[in-house]
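> Attaching a single structure in structure tokens format; questions to follow.
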Amino acid sequence: MKKNRSAGLKLPLVTLLMATSALTSGAYGEDAEAVTLPTLVVTGENNSPMAGLDQNEEKTGTMTSPGIPKTLKALEQMPGAVGIVTAEKFKDKYAANFEDTFAMTPGVFARKRYGQEVRLTIRGAGLSRGYHLRSIELLQNGIPLNAADGSGDFQKIDPLILQHIEVYRGGDGLQYGAAALGGAINLVTPTAHTAKAENLLRVDGGSFGTIRVHGEVARVIDNVDFFASTTGLSSEGYRDHSRERTGRFAANMGISLNENTETRFYFSYNSVDQDLPGTVSLNAARTNPEATSSTAAAGDLARDIRSIRFANKTSFDLGDSGQLDVGAYLGYHSLFHPVVYTPFFTLLLDQDSSHAGAFARYTNEGTLFGHRNVVTAGVRYGYTSLTGNNYSNAVGSRGALTQETTQISTSATLYAENSFYVVPDVAVVTGLQGVHAVRDYKSTTAATGVKASDDADFTSLSPKLGVLWNVVPAAQVYANVTRSYEPPLMSDLTQTITPVTQFTPMDPQRAVTFEIGTRGTTELAAWDVAIYHAEVEDELVNFTAGPSIPASTFNARNTLHQGIEAALTLDIGKMFGDFVGANNQLTFEQAYTYAHARFDGDAIYGDNALAGSVPHVYSAALRYRSADGWDIAPKIDWVPRGGYVDYANTQKAPGYAMVGFEGGIDITPSLRLFAEGRNLTDKRAVTSYTTVTTYVPGSEIFYPGEGRAVFAGFTAKF
């Protein structure tokens, strides 16, 4: 039992000059007539190249929280691989983490380790990261969610409250100031104007002793609206020692101050208690996948979190299609983390961190020199202070204190992007991001009283150049070249490779990415294809230094990342003369990702593939929607080869294919029943792993995939 848990490239200055010169140049449903909140009205036919074949949400939202129509309009103006995942895509699933939400999103590879912890990578960014997130900027409602050093935490996000997810692969993360190899992900939550109902109750559960209850309340009262949700989850987990207990609350309130100004306040609280099952050997993953690792149960390994967050965003309509968003956020995060337990080395992390930041973002769609011109510019500042104690792990409780640390990260970012339409259907896009980041570290070793103090700072400019061609209103072709610059995370600089954490200097990761692509929609098909090639310097890669020792980080001097990201949806019913009936629909949805990441003439590894790089991922679903209000979709997830687990390229993870289904039926307009089946053939597979330098047979570095599972539930609106 656990005790005492705390609850680059050089472009002309015209890049910024164009943006600077440009800076000088809805509906609400049944209660609309009583509301004075400013609306965002999207005009024209639904012929967006981003729209796809699905019917899109028509609620336009408000200034602080745009709806899906406004989001589609903004995304289609970007010359890069961007996409949107609406909540409709995973409404009939037991969506508990990013693996569930991104299952049909090309270019995004997400595989569960345990609970909400997933291995998430876009374009191979942070692919060897053994825990949490690197090289991807997470935002919630356009407000930075990552810590100031760029690290991300999945446990702060409840998929059930998402309205939609915006995915900015690669350089298009510049829209929110990100200049990371992987890009950015913006998680958008509903308001009372976009919520599904005034009151909503959802209950689902199934295999592995899983039960989840979720409730929502939404109201619009004069010029004030509020939305609140709560979720409780209990699950024993597929594997031994993987029990999870989670409680969440999230709310937002919007106030119309006048017809041109709206402010919105956000609040969230998370309580997550997660037992860790650990990694096992390849043989154990194949023969006894439900078992825990040899050390996880003995050390009662766990990751328990308490977090609270406040944020505000205020939007000003400046006229002439200009809008200014300003805001700030403040949060607290505690972590109780018995993480290592061996006969020779034990470790328990007990940390408290505070996060604060402010931002401003200006957007305008107008004219420049008589031509259409779209500009985005902004500034961000983030601050994170972490105080942590390292203890020996006394079977899940604090043992002897080994070290006290203080870690402070700050990040200041300026960015601008401008789309200048040289002719009505062709835009030249220029952009620039500047960043200054500081890392300060202090520690005291308990046994000796020795104090240490180190710091590092990083400054850079990252330009972008692209072109967007609207071939027809619903089809586009684009190309771009972007530079990314990523200072090391604090966990990279403070590596715990012995019982004592030590500061290890690292170089920033830099990359130049070239990309071409096309996207569009016709009556019968929707497609999204991107090809990219990234040349990376000093890539921050991870490996396991020894059994049960947290991953270390080193700079790989030259690496290459390249691949293909493709999605294709076909309306099979219409292709064959509506053989499913005029009011029914049969679609074939597909997503394919080819990714190849390798060293480029490394002194030790030559041109070897980077450990963790999964070359081929294919997902498909054949979805039938009946006019009578029910639908069903058999689906498949196929990974032909799992990629190398070591940089020496001596061992690959085995490939796998898993089949399942999802679907539901509308009993009434207000009551829906749904069900999902996963891995119906009970395939024993390795879905994730920890990377190492050279694989040693019997090494416990593999995460087994979950076995056969069935979940079901209902959603009631009232």
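By order of appearance in the structure tokens: chains A, B, ..., then residues from 1 within every chain, and ligands from 1 in the order shown.
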Find the nearest atom pair between each residue of segment 288-329 of chain A and segment 356-364 of chain A for residues within 6 Å, count only C-alpha atoms, give distances in Å to one decimal, sort rows by chain and ascending number, and present the table as JSON lines.

```
{"residue": "A:Ser321", "atom": "CA", "partner": "A:Asn364", "partner_atom": "CA", "distance": 5.5}
{"residue": "A:Gly322", "atom": "CA", "partner": "A:Asn364", "partner_atom": "CA", "distance": 4.2}
{"residue": "A:Gln323", "atom": "CA", "partner": "A:Thr363", "partner_atom": "CA", "distance": 5.4}
{"residue": "A:Leu324", "atom": "CA", "partner": "A:Tyr362", "partner_atom": "CA", "distance": 4.5}
{"residue": "A:Asp325", "atom": "CA", "partner": "A:Arg361", "partner_atom": "CA", "distance": 5.1}
{"residue": "A:Val326", "atom": "CA", "partner": "A:Ala360", "partner_atom": "CA", "distance": 4.2}
{"residue": "A:Gly327", "atom": "CA", "partner": "A:Phe359", "partner_atom": "CA", "distance": 5.5}
{"residue": "A:Ala328", "atom": "CA", "partner": "A:Ala358", "partner_atom": "CA", "distance": 4.1}
{"residue": "A:Tyr329", "atom": "CA", "partner": "A:Gly357", "partner_atom": "CA", "distance": 5.4}
```
> At a cut-off of 12 Å, using only C-alpha atoms, what residues contact Ala197 of chain A? Leave out same-chain residues fewer than 2 positions from it and give the result as a ChimeraX atom specification.
/A:29-30,190-195,199-201,215-220,227-228,669-671,715-718
> Which residues are near segment 265-273 of chain A? Cut-off 8 Å, only C-alpha atoms, ignore same chain within fewer than 6 positions. Put them as an mmCIF file with N, CA and C atoms, in the first residue's frame.

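Output contents, as saved in selection.cif:
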```cif
data_model
loop_
_atom_site.group_PDB
_atom_site.id
_atom_site.type_symbol
_atom_site.label_atom_id
_atom_site.label_comp_id
_atom_site.auth_asym_id
_atom_site.auth_seq_id
_atom_site.Cartn_x
_atom_site.Cartn_y
_atom_site.Cartn_z
ATOM 1 N N GLN A 155 -2.019 13.755 -18.698
ATOM 2 C CA GLN A 155 -3.022 13.506 -17.666
ATOM 3 C C GLN A 155 -3.890 14.714 -17.355
ATOM 4 N N LYS A 156 -3.562 15.878 -17.885
ATOM 5 C CA LYS A 156 -4.364 17.067 -17.633
ATOM 6 C C LYS A 156 -5.553 17.181 -18.577
ATOM 7 N N GLU A 244 -6.315 2.331 -12.068
ATOM 8 C CA GLU A 244 -6.401 3.774 -12.245
ATOM 9 C C GLU A 244 -7.660 4.292 -11.572
ATOM 10 N N ARG A 245 -7.514 5.397 -10.851
ATOM 11 C CA ARG A 245 -8.631 6.110 -10.240
ATOM 12 C C ARG A 245 -8.478 7.586 -10.604
ATOM 13 N N THR A 246 -9.489 8.121 -11.287
ATOM 14 C CA THR A 246 -9.363 9.470 -11.826
ATOM 15 C C THR A 246 -10.618 10.274 -11.538
ATOM 16 N N GLY A 247 -10.439 11.522 -11.132
ATOM 17 C CA GLY A 247 -11.538 12.466 -10.982
ATOM 18 C C GLY A 247 -11.166 13.780 -11.645
ATOM 19 N N ARG A 248 -12.077 14.342 -12.446
ATOM 20 C CA ARG A 248 -11.775 15.568 -13.188
ATOM 21 C C ARG A 248 -12.959 16.533 -13.109
ATOM 22 N N PHE A 249 -12.630 17.816 -13.156
ATOM 23 C CA PHE A 249 -13.644 18.857 -13.249
ATOM 24 C C PHE A 249 -13.101 19.947 -14.155
ATOM 25 N N ALA A 250 -13.941 20.447 -15.051
ATOM 26 C CA ALA A 250 -13.543 21.531 -15.948
ATOM 27 C C ALA A 250 -14.737 22.441 -16.184
ATOM 28 N N ALA A 251 -14.480 23.732 -16.281
ATOM 29 C CA ALA A 251 -15.560 24.694 -16.479
ATOM 30 C C ALA A 251 -15.017 25.924 -17.196
ATOM 31 N N ASN A 252 -15.912 26.604 -17.895
ATOM 32 C CA ASN A 252 -15.563 27.902 -18.451
ATOM 33 C C ASN A 252 -16.787 28.805 -18.408
ATOM 34 N N MET A 253 -16.541 30.097 -18.306
ATOM 35 C CA MET A 253 -17.609 31.088 -18.257
ATOM 36 C C MET A 253 -17.238 32.264 -19.149
ATOM 37 N N GLY A 254 -18.148 32.624 -20.050
ATOM 38 C CA GLY A 254 -17.930 33.750 -20.939
ATOM 39 C C GLY A 254 -18.839 34.910 -20.597
ATOM 40 N N ALA A 302 4.177 4.000 -9.149
ATOM 41 C CA ALA A 302 2.923 4.722 -9.360
ATOM 42 C C ALA A 302 3.234 6.115 -9.891
ATOM 43 N N ARG A 303 2.185 6.734 -10.384
ATOM 44 C CA ARG A 303 2.274 8.137 -10.806
ATOM 45 C C ARG A 303 0.968 8.810 -10.402
ATOM 46 N N ASP A 304 1.010 9.554 -9.318
ATOM 47 C CA ASP A 304 -0.177 10.197 -8.764
ATOM 48 C C ASP A 304 -0.064 11.708 -8.953
ATOM 49 N N ILE A 305 -1.145 12.318 -9.451
ATOM 50 C CA ILE A 305 -1.120 13.726 -9.837
ATOM 51 C C ILE A 305 -2.291 14.464 -9.210
ATOM 52 N N ARG A 306 -2.043 15.672 -8.784
ATOM 53 C CA ARG A 306 -3.087 16.635 -8.453
ATOM 54 C C ARG A 306 -2.732 17.922 -9.198
ATOM 55 N N SER A 307 -3.664 18.451 -9.958
ATOM 56 C CA SER A 307 -3.377 19.681 -10.697
ATOM 57 C C SER A 307 -4.598 20.587 -10.699
ATOM 58 N N ILE A 308 -4.325 21.882 -10.733
ATOM 59 C CA ILE A 308 -5.373 22.889 -10.795
ATOM 60 C C ILE A 308 -4.887 23.988 -11.730
ATOM 61 N N ARG A 309 -5.817 24.566 -12.485
ATOM 62 C CA ARG A 309 -5.409 25.545 -13.498
ATOM 63 C C ARG A 309 -6.506 26.586 -13.697
ATOM 64 N N PHE A 310 -6.101 27.848 -13.724
ATOM 65 C CA PHE A 310 -6.980 28.968 -14.050
ATOM 66 C C PHE A 310 -6.434 29.632 -15.314
ATOM 67 N N ALA A 311 -7.334 30.110 -16.165
ATOM 68 C CA ALA A 311 -6.897 30.820 -17.368
ATOM 69 C C ALA A 311 -7.976 31.808 -17.781
ATOM 70 N N ASN A 312 -7.554 32.820 -18.506
ATOM 71 C CA ASN A 312 -8.487 33.800 -19.051
ATOM 72 C C ASN A 312 -8.056 34.175 -20.445
ATOM 73 N N LYS A 313 -9.036 34.347 -21.326
ATOM 74 C CA LYS A 313 -8.793 34.892 -22.659
ATOM 75 C C LYS A 313 -9.851 35.949 -22.933
#
```
> Which residues, written as a compact mmCIF listing (two decimals) with N, CA and C atoms, in the first residue's frame, have at least one atom at most 8 Å from Asn260 of chain A, with only C-alpha atoms counted and residues fewer than 3 positions away on the same chain left out?

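So out.txt came out as:
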```txt
# COMPACT_ATOMS: atom_id res chain seq x y z
N PRO A 38 -20.72 38.49 -29.00
CA PRO A 38 -20.37 38.65 -30.41
C PRO A 38 -20.24 37.30 -31.10
N LEU A 257 -18.80 41.80 -22.61
CA LEU A 257 -18.63 43.11 -21.98
C LEU A 257 -19.29 44.21 -22.80
N PHE A 316 -11.02 41.05 -28.50
CA PHE A 316 -11.48 42.37 -28.92
C PHE A 316 -11.69 42.37 -30.43
N ASP A 317 -12.87 42.74 -30.87
CA ASP A 317 -13.14 42.94 -32.29
C ASP A 317 -12.67 44.35 -32.65
N LEU A 318 -11.58 44.43 -33.44
CA LEU A 318 -10.98 45.71 -33.77
C LEU A 318 -11.54 46.31 -35.05
```
> Can I get the residues of segment 616-671 of chain A within 10 Å of segment 103-113 of chain A, each with the closest pair of atoms and their distance in Å to one decimal, using only C-alpha atoms, sorted chain first then ascending number, as a Markdown table?

```
| residue | atom | partner | partner_atom | distance |
| --- | --- | --- | --- | --- |
| A:Val617 | CA | A:Phe109 | CA | 8.1 |
| A:Tyr618 | CA | A:Pro106 | CA | 8.7 |
| A:Ser619 | CA | A:Met104 | CA | 6.3 |
| A:Ala620 | CA | A:Met104 | CA | 7.4 |
| A:Ala621 | CA | A:Met104 | CA | 8.8 |
| A:Asp637 | CA | A:Ala103 | CA | 8.3 |
```
> Kindly export the residues of the current selection with all heavy atoms, as an mmCIF file, in the first residue's frame.

```
data_model
loop_
_atom_site.group_PDB
_atom_site.id
_atom_site.type_symbol
_atom_site.label_atom_id
_atom_site.label_comp_id
_atom_site.auth_asym_id
_atom_site.auth_seq_id
_atom_site.Cartn_x
_atom_site.Cartn_y
_atom_site.Cartn_z
ATOM 1 N N VAL A 617 2.230 2.571 -40.720
ATOM 2 C CA VAL A 617 1.042 2.463 -39.871
ATOM 3 C C VAL A 617 -0.172 2.686 -40.764
ATOM 4 O O VAL A 617 -0.250 3.691 -41.486
ATOM 5 C CB VAL A 617 1.044 3.497 -38.736
ATOM 6 C CG1 VAL A 617 -0.218 3.354 -37.884
ATOM 7 C CG2 VAL A 617 2.293 3.358 -37.867
ATOM 8 N N TYR A 618 -1.117 1.744 -40.722
ATOM 9 C CA TYR A 618 -2.318 1.841 -41.554
ATOM 10 C C TYR A 618 -3.543 1.579 -40.696
ATOM 11 O O TYR A 618 -3.594 0.611 -39.924
ATOM 12 C CB TYR A 618 -2.260 0.828 -42.695
ATOM 13 C CG TYR A 618 -3.504 0.779 -43.549
ATOM 14 C CD1 TYR A 618 -3.770 1.749 -44.506
ATOM 15 C CD2 TYR A 618 -4.434 -0.259 -43.402
ATOM 16 C CE1 TYR A 618 -4.900 1.709 -45.298
ATOM 17 C CE2 TYR A 618 -5.577 -0.316 -44.186
ATOM 18 C CZ TYR A 618 -5.801 0.668 -45.136
ATOM 19 O OH TYR A 618 -6.946 0.621 -45.926
ATOM 20 N N SER A 619 -4.533 2.461 -40.813
ATOM 21 C CA SER A 619 -5.807 2.283 -40.109
ATOM 22 C C SER A 619 -6.937 2.473 -41.100
ATOM 23 O O SER A 619 -6.857 3.320 -41.996
ATOM 24 C CB SER A 619 -5.954 3.295 -38.964
ATOM 25 O OG SER A 619 -4.925 3.139 -38.010
ATOM 26 N N ALA A 620 -7.998 1.690 -40.937
ATOM 27 C CA ALA A 620 -9.134 1.789 -41.852
ATOM 28 C C ALA A 620 -10.411 1.417 -41.124
ATOM 29 O O ALA A 620 -10.405 0.635 -40.166
ATOM 30 C CB ALA A 620 -8.933 0.883 -43.062
ATOM 31 N N ALA A 621 -11.509 2.000 -41.597
ATOM 32 C CA ALA A 621 -12.834 1.691 -41.049
ATOM 33 C C ALA A 621 -13.855 1.768 -42.176
ATOM 34 O O ALA A 621 -13.839 2.710 -42.974
ATOM 35 C CB ALA A 621 -13.201 2.660 -39.933
ATOM 36 N N ASP A 637 -6.359 -1.835 -37.388
ATOM 37 C CA ASP A 637 -5.113 -1.099 -37.159
ATOM 38 C C ASP A 637 -3.964 -2.057 -37.459
ATOM 39 O O ASP A 637 -3.854 -3.120 -36.826
ATOM 40 C CB ASP A 637 -5.024 -0.607 -35.713
ATOM 41 C CG ASP A 637 -6.071 0.441 -35.407
ATOM 42 O OD1 ASP A 637 -6.165 1.421 -36.155
ATOM 43 O OD2 ASP A 637 -6.802 0.269 -34.410
#
```
> Write out as a ChimeraX atom specification each polymer residue whose atoms come within 12 Å of Asp631 of chain A, counting only C-alpha atoms; drop sequence neighbours fewer than 4 positions from it.
/A:91-92,584-587,622-627,661-666,672-676
> Selected residues, N, CA and C atoms, written as a PDB file, in the first residue's frame, please.

```pdb
ATOM      1  N   LYS A  91     -16.984   9.601 -30.610  1.00  0.00           N
ATOM      2  CA  LYS A  91     -18.110   9.640 -29.668  1.00  0.00           C
ATOM      3  C   LYS A  91     -18.562   8.250 -29.251  1.00  0.00           C
ATOM      4  N   ASP A  92     -18.369   7.229 -30.123  1.00  0.00           N
ATOM      5  CA  ASP A  92     -18.816   5.866 -29.809  1.00  0.00           C
ATOM      6  C   ASP A  92     -17.688   4.991 -29.284  1.00  0.00           C
ATOM      7  N   ASN A 584     -29.019   6.664 -46.685  1.00  0.00           N
ATOM      8  CA  ASN A 584     -28.007   5.956 -45.914  1.00  0.00           C
ATOM      9  C   ASN A 584     -26.623   6.286 -46.477  1.00  0.00           C
ATOM     10  N   GLN A 585     -25.590   5.966 -45.735  1.00  0.00           N
ATOM     11  CA  GLN A 585     -24.233   6.279 -46.183  1.00  0.00           C
ATOM     12  C   GLN A 585     -23.285   5.146 -45.823  1.00  0.00           C
ATOM     13  N   LEU A 586     -22.421   4.798 -46.774  1.00  0.00           N
ATOM     14  CA  LEU A 586     -21.370   3.810 -46.554  1.00  0.00           C
ATOM     15  C   LEU A 586     -20.051   4.436 -46.984  1.00  0.00           C
ATOM     16  N   THR A 587     -19.159   4.663 -46.029  1.00  0.00           N
ATOM     17  CA  THR A 587     -17.879   5.296 -46.330  1.00  0.00           C
ATOM     18  C   THR A 587     -16.729   4.380 -45.927  1.00  0.00           C
ATOM     19  N   LEU A 622     -14.719   0.773 -42.255  1.00  0.00           N
ATOM     20  CA  LEU A 622     -15.831   0.764 -43.208  1.00  0.00           C
ATOM     21  C   LEU A 622     -17.082   1.123 -42.414  1.00  0.00           C
ATOM     22  N   ARG A 623     -17.565   2.352 -42.601  1.00  0.00           N
ATOM     23  CA  ARG A 623     -18.601   2.886 -41.719  1.00  0.00           C
ATOM     24  C   ARG A 623     -19.942   2.986 -42.448  1.00  0.00           C
ATOM     25  N   TYR A 624     -20.945   2.346 -41.875  1.00  0.00           N
ATOM     26  CA  TYR A 624     -22.313   2.403 -42.410  1.00  0.00           C
ATOM     27  C   TYR A 624     -23.173   3.244 -41.479  1.00  0.00           C
ATOM     28  N   ARG A 625     -23.822   4.257 -42.049  1.00  0.00           N
ATOM     29  CA  ARG A 625     -24.735   5.115 -41.291  1.00  0.00           C
ATOM     30  C   ARG A 625     -26.132   4.964 -41.872  1.00  0.00           C
ATOM     31  N   SER A 626     -27.061   4.585 -41.023  1.00  0.00           N
ATOM     32  CA  SER A 626     -28.434   4.381 -41.458  1.00  0.00           C
ATOM     33  C   SER A 626     -29.262   5.634 -41.220  1.00  0.00           C
ATOM     34  N   ALA A 627     -30.193   5.863 -42.106  1.00  0.00           N
ATOM     35  CA  ALA A 627     -31.123   6.983 -41.911  1.00  0.00           C
ATOM     36  C   ALA A 627     -32.003   6.764 -40.694  1.00  0.00           C
ATOM     37  N   PHE A 661     -14.476  -2.941 -33.779  1.00  0.00           N
ATOM     38  CA  PHE A 661     -15.667  -2.300 -34.330  1.00  0.00           C
ATOM     39  C   PHE A 661     -16.091  -1.190 -33.381  1.00  0.00           C
ATOM     40  N   GLU A 662     -16.889  -0.285 -33.886  1.00  0.00           N
ATOM     41  CA  GLU A 662     -17.548   0.716 -33.063  1.00  0.00           C
ATOM     42  C   GLU A 662     -18.862   1.072 -33.719  1.00  0.00           C
ATOM     43  N   GLY A 663     -19.804   1.538 -32.921  1.00  0.00           N
ATOM     44  CA  GLY A 663     -21.095   1.911 -33.481  1.00  0.00           C
ATOM     45  C   GLY A 663     -22.087   2.251 -32.396  1.00  0.00           C
ATOM     46  N   GLY A 664     -23.264   2.700 -32.825  1.00  0.00           N
ATOM     47  CA  GLY A 664     -24.285   3.066 -31.860  1.00  0.00           C
ATOM     48  C   GLY A 664     -25.641   3.224 -32.510  1.00  0.00           C
ATOM     49  N   ILE A 665     -26.620   3.491 -31.686  1.00  0.00           N
ATOM     50  CA  ILE A 665     -27.977   3.672 -32.172  1.00  0.00           C
ATOM     51  C   ILE A 665     -28.666   4.771 -31.363  1.00  0.00           C
ATOM     52  N   ASP A 666     -29.366   5.650 -32.057  1.00  0.00           N
ATOM     53  CA  ASP A 666     -30.134   6.712 -31.406  1.00  0.00           C
ATOM     54  C   ASP A 666     -31.518   6.163 -31.061  1.00  0.00           C
ATOM     55  N   ARG A 672     -28.662   7.900 -26.787  1.00  0.00           N
ATOM     56  CA  ARG A 672     -27.870   7.101 -27.713  1.00  0.00           C
ATOM     57  C   ARG A 672     -27.159   5.996 -26.946  1.00  0.00           C
ATOM     58  N   LEU A 673     -27.241   4.793 -27.481  1.00  0.00           N
ATOM     59  CA  LEU A 673     -26.485   3.654 -26.977  1.00  0.00           C
ATOM     60  C   LEU A 673     -25.321   3.389 -27.921  1.00  0.00           C
ATOM     61  N   PHE A 674     -24.171   2.999 -27.380  1.00  0.00           N
ATOM     62  CA  PHE A 674     -23.001   2.762 -28.227  1.00  0.00           C
ATOM     63  C   PHE A 674     -22.175   1.619 -27.657  1.00  0.00           C
ATOM     64  N   ALA A 675     -21.338   1.052 -28.509  1.00  0.00           N
ATOM     65  CA  ALA A 675     -20.477  -0.059 -28.103  1.00  0.00           C
ATOM     66  C   ALA A 675     -19.220  -0.055 -28.950  1.00  0.00           C
ATOM     67  N   GLU A 676     -18.164  -0.619 -28.394  1.00  0.00           N
ATOM     68  CA  GLU A 676     -16.888  -0.718 -29.099  1.00  0.00           C
ATOM     69  C   GLU A 676     -16.215  -2.026 -28.729  1.00  0.00           C
TER      70      GLU A 676
END
```
> Show me a table, sorted first by chain and then by increasing residue number, of the residues of segment 523-611 of chain A having an atom at most 12 Å from segment 116-122 of chain A, each with its shortest atom pair and the distance in Å to one decimal, counting only C-alpha atoms and written as CSV.

```
residue,atom,partner,partner_atom,distance
A:Tyr532,CA,A:Ile122,CA,11.6
A:His561,CA,A:Ile122,CA,10.6
A:Gln562,CA,A:Ile122,CA,11.2
A:Gly563,CA,A:Ile122,CA,10.7
A:Ile564,CA,A:Ile122,CA,11.7
A:Glu565,CA,A:Ile122,CA,10.3
A:Thr593,CA,A:Ile122,CA,10.2
A:Tyr594,CA,A:Ile122,CA,11.4
A:Ala595,CA,A:Ile122,CA,9.5
A:His596,CA,A:Ile122,CA,11.9
A:Ala597,CA,A:Ile122,CA,11.7
```
> For the residues selected in the previous step, produce a file with N, CA and C atoms as a PDB file, in the first residue's frame.

```
ATOM      1  N   TYR A 532       7.129  15.003 -46.526  1.00  0.00           N
ATOM      2  CA  TYR A 532       8.052  15.893 -45.834  1.00  0.00           C
ATOM      3  C   TYR A 532       9.457  15.306 -45.777  1.00  0.00           C
ATOM      4  N   HIS A 561      14.620  12.972 -41.010  1.00  0.00           N
ATOM      5  CA  HIS A 561      13.255  12.490 -40.833  1.00  0.00           C
ATOM      6  C   HIS A 561      12.510  12.753 -42.135  1.00  0.00           C
ATOM      7  N   GLN A 562      11.872  11.736 -42.665  1.00  0.00           N
ATOM      8  CA  GLN A 562      11.112  11.922 -43.900  1.00  0.00           C
ATOM      9  C   GLN A 562       9.961  10.933 -43.925  1.00  0.00           C
ATOM     10  N   GLY A 563       8.941  11.286 -44.693  1.00  0.00           N
ATOM     11  CA  GLY A 563       7.807  10.383 -44.717  1.00  0.00           C
ATOM     12  C   GLY A 563       6.649  10.887 -45.545  1.00  0.00           C
ATOM     13  N   ILE A 564       5.587  10.088 -45.521  1.00  0.00           N
ATOM     14  CA  ILE A 564       4.342  10.372 -46.240  1.00  0.00           C
ATOM     15  C   ILE A 564       3.193  10.237 -45.250  1.00  0.00           C
ATOM     16  N   GLU A 565       2.293  11.198 -45.288  1.00  0.00           N
ATOM     17  CA  GLU A 565       1.099  11.178 -44.447  1.00  0.00           C
ATOM     18  C   GLU A 565      -0.109  11.294 -45.359  1.00  0.00           C
ATOM     19  N   THR A 593       0.509   6.233 -42.651  1.00  0.00           N
ATOM     20  CA  THR A 593       1.700   7.017 -42.340  1.00  0.00           C
ATOM     21  C   THR A 593       2.939   6.189 -42.627  1.00  0.00           C
ATOM     22  N   TYR A 594       3.809   6.737 -43.478  1.00  0.00           N
ATOM     23  CA  TYR A 594       5.140   6.173 -43.672  1.00  0.00           C
ATOM     24  C   TYR A 594       6.129   7.134 -43.038  1.00  0.00           C
ATOM     25  N   ALA A 595       6.963   6.631 -42.156  1.00  0.00           N
ATOM     26  CA  ALA A 595       7.934   7.478 -41.459  1.00  0.00           C
ATOM     27  C   ALA A 595       9.276   6.771 -41.407  1.00  0.00           C
ATOM     28  N   HIS A 596      10.313   7.504 -41.773  1.00  0.00           N
ATOM     29  CA  HIS A 596      11.667   6.953 -41.717  1.00  0.00           C
ATOM     30  C   HIS A 596      12.580   8.000 -41.092  1.00  0.00           C
ATOM     31  N   ALA A 597      13.133   7.665 -39.959  1.00  0.00           N
ATOM     32  CA  ALA A 597      14.056   8.551 -39.267  1.00  0.00           C
ATOM     33  C   ALA A 597      15.361   7.800 -39.047  1.00  0.00           C
TER      34      ALA A 597
END
```
> Using only C-alpha atoms, can you tell me which of A:Thr60, A:Gln175, A:Ser460, A:Thr210 comes closest to Gly431 of chain A?
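Looking at the shortest contact to Gly431 of chain A, the residue is A:Gln175.
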> Env of segment 606-613 of chain A: 9 Å cut, atoms = only C-alpha atoms, seq-sep filter 5 positions within chain, self excluded. Answer as a ChimeraX atom specification.
/A:124,127-129,541-543,559,595-601,642-649,688-693
> For Val536 of chain A, which residue among A:Ala511, A:Met575, A:Val580, A:Leu72 is the nearest when counting only C-alpha atoms?
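Nearest candidate to Val536 of chain A out of A:Ala511, A:Met575, A:Val580, A:Leu72: A:Ala511.
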> For Pro697 of chain A, work out the shell of residues within 12 Å, counting only C-alpha atoms and skipping chain neighbours fewer than 3 positions away, then give it as a tab-separated table (two decimals) with N, CA and C atoms, in the first residue's frame.

```
chain	number	residue	atom	x	y	z
A	280	VAL	N	8.30	-5.13	-19.73
A	280	VAL	CA	8.65	-6.54	-19.57
A	280	VAL	C	9.51	-6.98	-20.75
A	281	SER	N	9.99	-8.19	-20.70
A	281	SER	CA	10.79	-8.74	-21.80
A	281	SER	C	9.91	-9.05	-22.99
A	282	LEU	N	10.53	-9.22	-24.15
A	282	LEU	CA	9.78	-9.55	-25.36
A	282	LEU	C	9.05	-10.88	-25.20
A	283	ASN	N	9.70	-11.85	-24.58
A	283	ASN	CA	9.05	-13.15	-24.39
A	283	ASN	C	7.84	-13.03	-23.46
A	284	ALA	N	7.99	-12.24	-22.40
A	284	ALA	CA	6.87	-12.07	-21.47
A	284	ALA	C	5.71	-11.34	-22.15
A	645	VAL	N	14.22	-1.27	-31.74
A	645	VAL	CA	14.17	-0.84	-30.34
A	645	VAL	C	15.52	-0.29	-29.89
A	646	ASP	N	16.57	-0.49	-30.69
A	646	ASP	CA	17.91	-0.04	-30.30
A	646	ASP	C	18.58	0.70	-31.44
A	650	THR	N	19.75	-3.99	-33.90
A	650	THR	CA	19.86	-5.44	-33.79
A	650	THR	C	18.53	-6.11	-33.50
A	651	GLN	N	17.52	-5.37	-33.05
A	651	GLN	CA	16.24	-5.98	-32.68
A	651	GLN	C	15.08	-5.07	-33.08
A	652	LYS	N	14.10	-5.67	-33.81
A	652	LYS	CA	12.88	-4.95	-34.15
A	652	LYS	C	11.74	-5.41	-33.26
A	692	VAL	N	16.86	1.64	-26.40
A	692	VAL	CA	18.16	1.36	-25.78
A	692	VAL	C	19.25	1.53	-26.84
A	694	THR	N	21.95	-0.71	-27.38
A	694	THR	CA	22.10	-2.03	-28.00
A	694	THR	C	21.22	-3.01	-27.24
A	700	GLU	N	13.97	-5.91	-20.22
A	700	GLU	CA	12.58	-5.55	-19.94
A	700	GLU	C	12.33	-4.12	-20.41
A	701	ILE	N	12.00	-3.98	-21.69
A	701	ILE	CA	11.80	-2.66	-22.29
A	701	ILE	C	10.50	-2.57	-23.09
A	702	PHE	N	9.66	-3.60	-23.05
A	702	PHE	CA	8.49	-3.67	-23.92
A	702	PHE	C	7.19	-3.46	-23.15
```
> Could you list, with a cut-off of 6 Å and counting only C-alpha atoms, the residues of segment 411-485 of chain A near segment 400-406 of chain A, each shown with its nearest atom pair and the distance in Å rounded to one decimal, rows sorted by chain and ascending number, as a tab-separated table?

```
residue	atom	partner	partner_atom	distance
A:Tyr441	CA	A:Thr406	CA	5.8
A:Lys442	CA	A:Thr406	CA	5.2
A:Ser443	CA	A:Thr405	CA	4.2
A:Thr444	CA	A:Glu404	CA	5.2
A:Thr445	CA	A:Gln403	CA	4.5
A:Ala446	CA	A:Thr402	CA	5.0
```
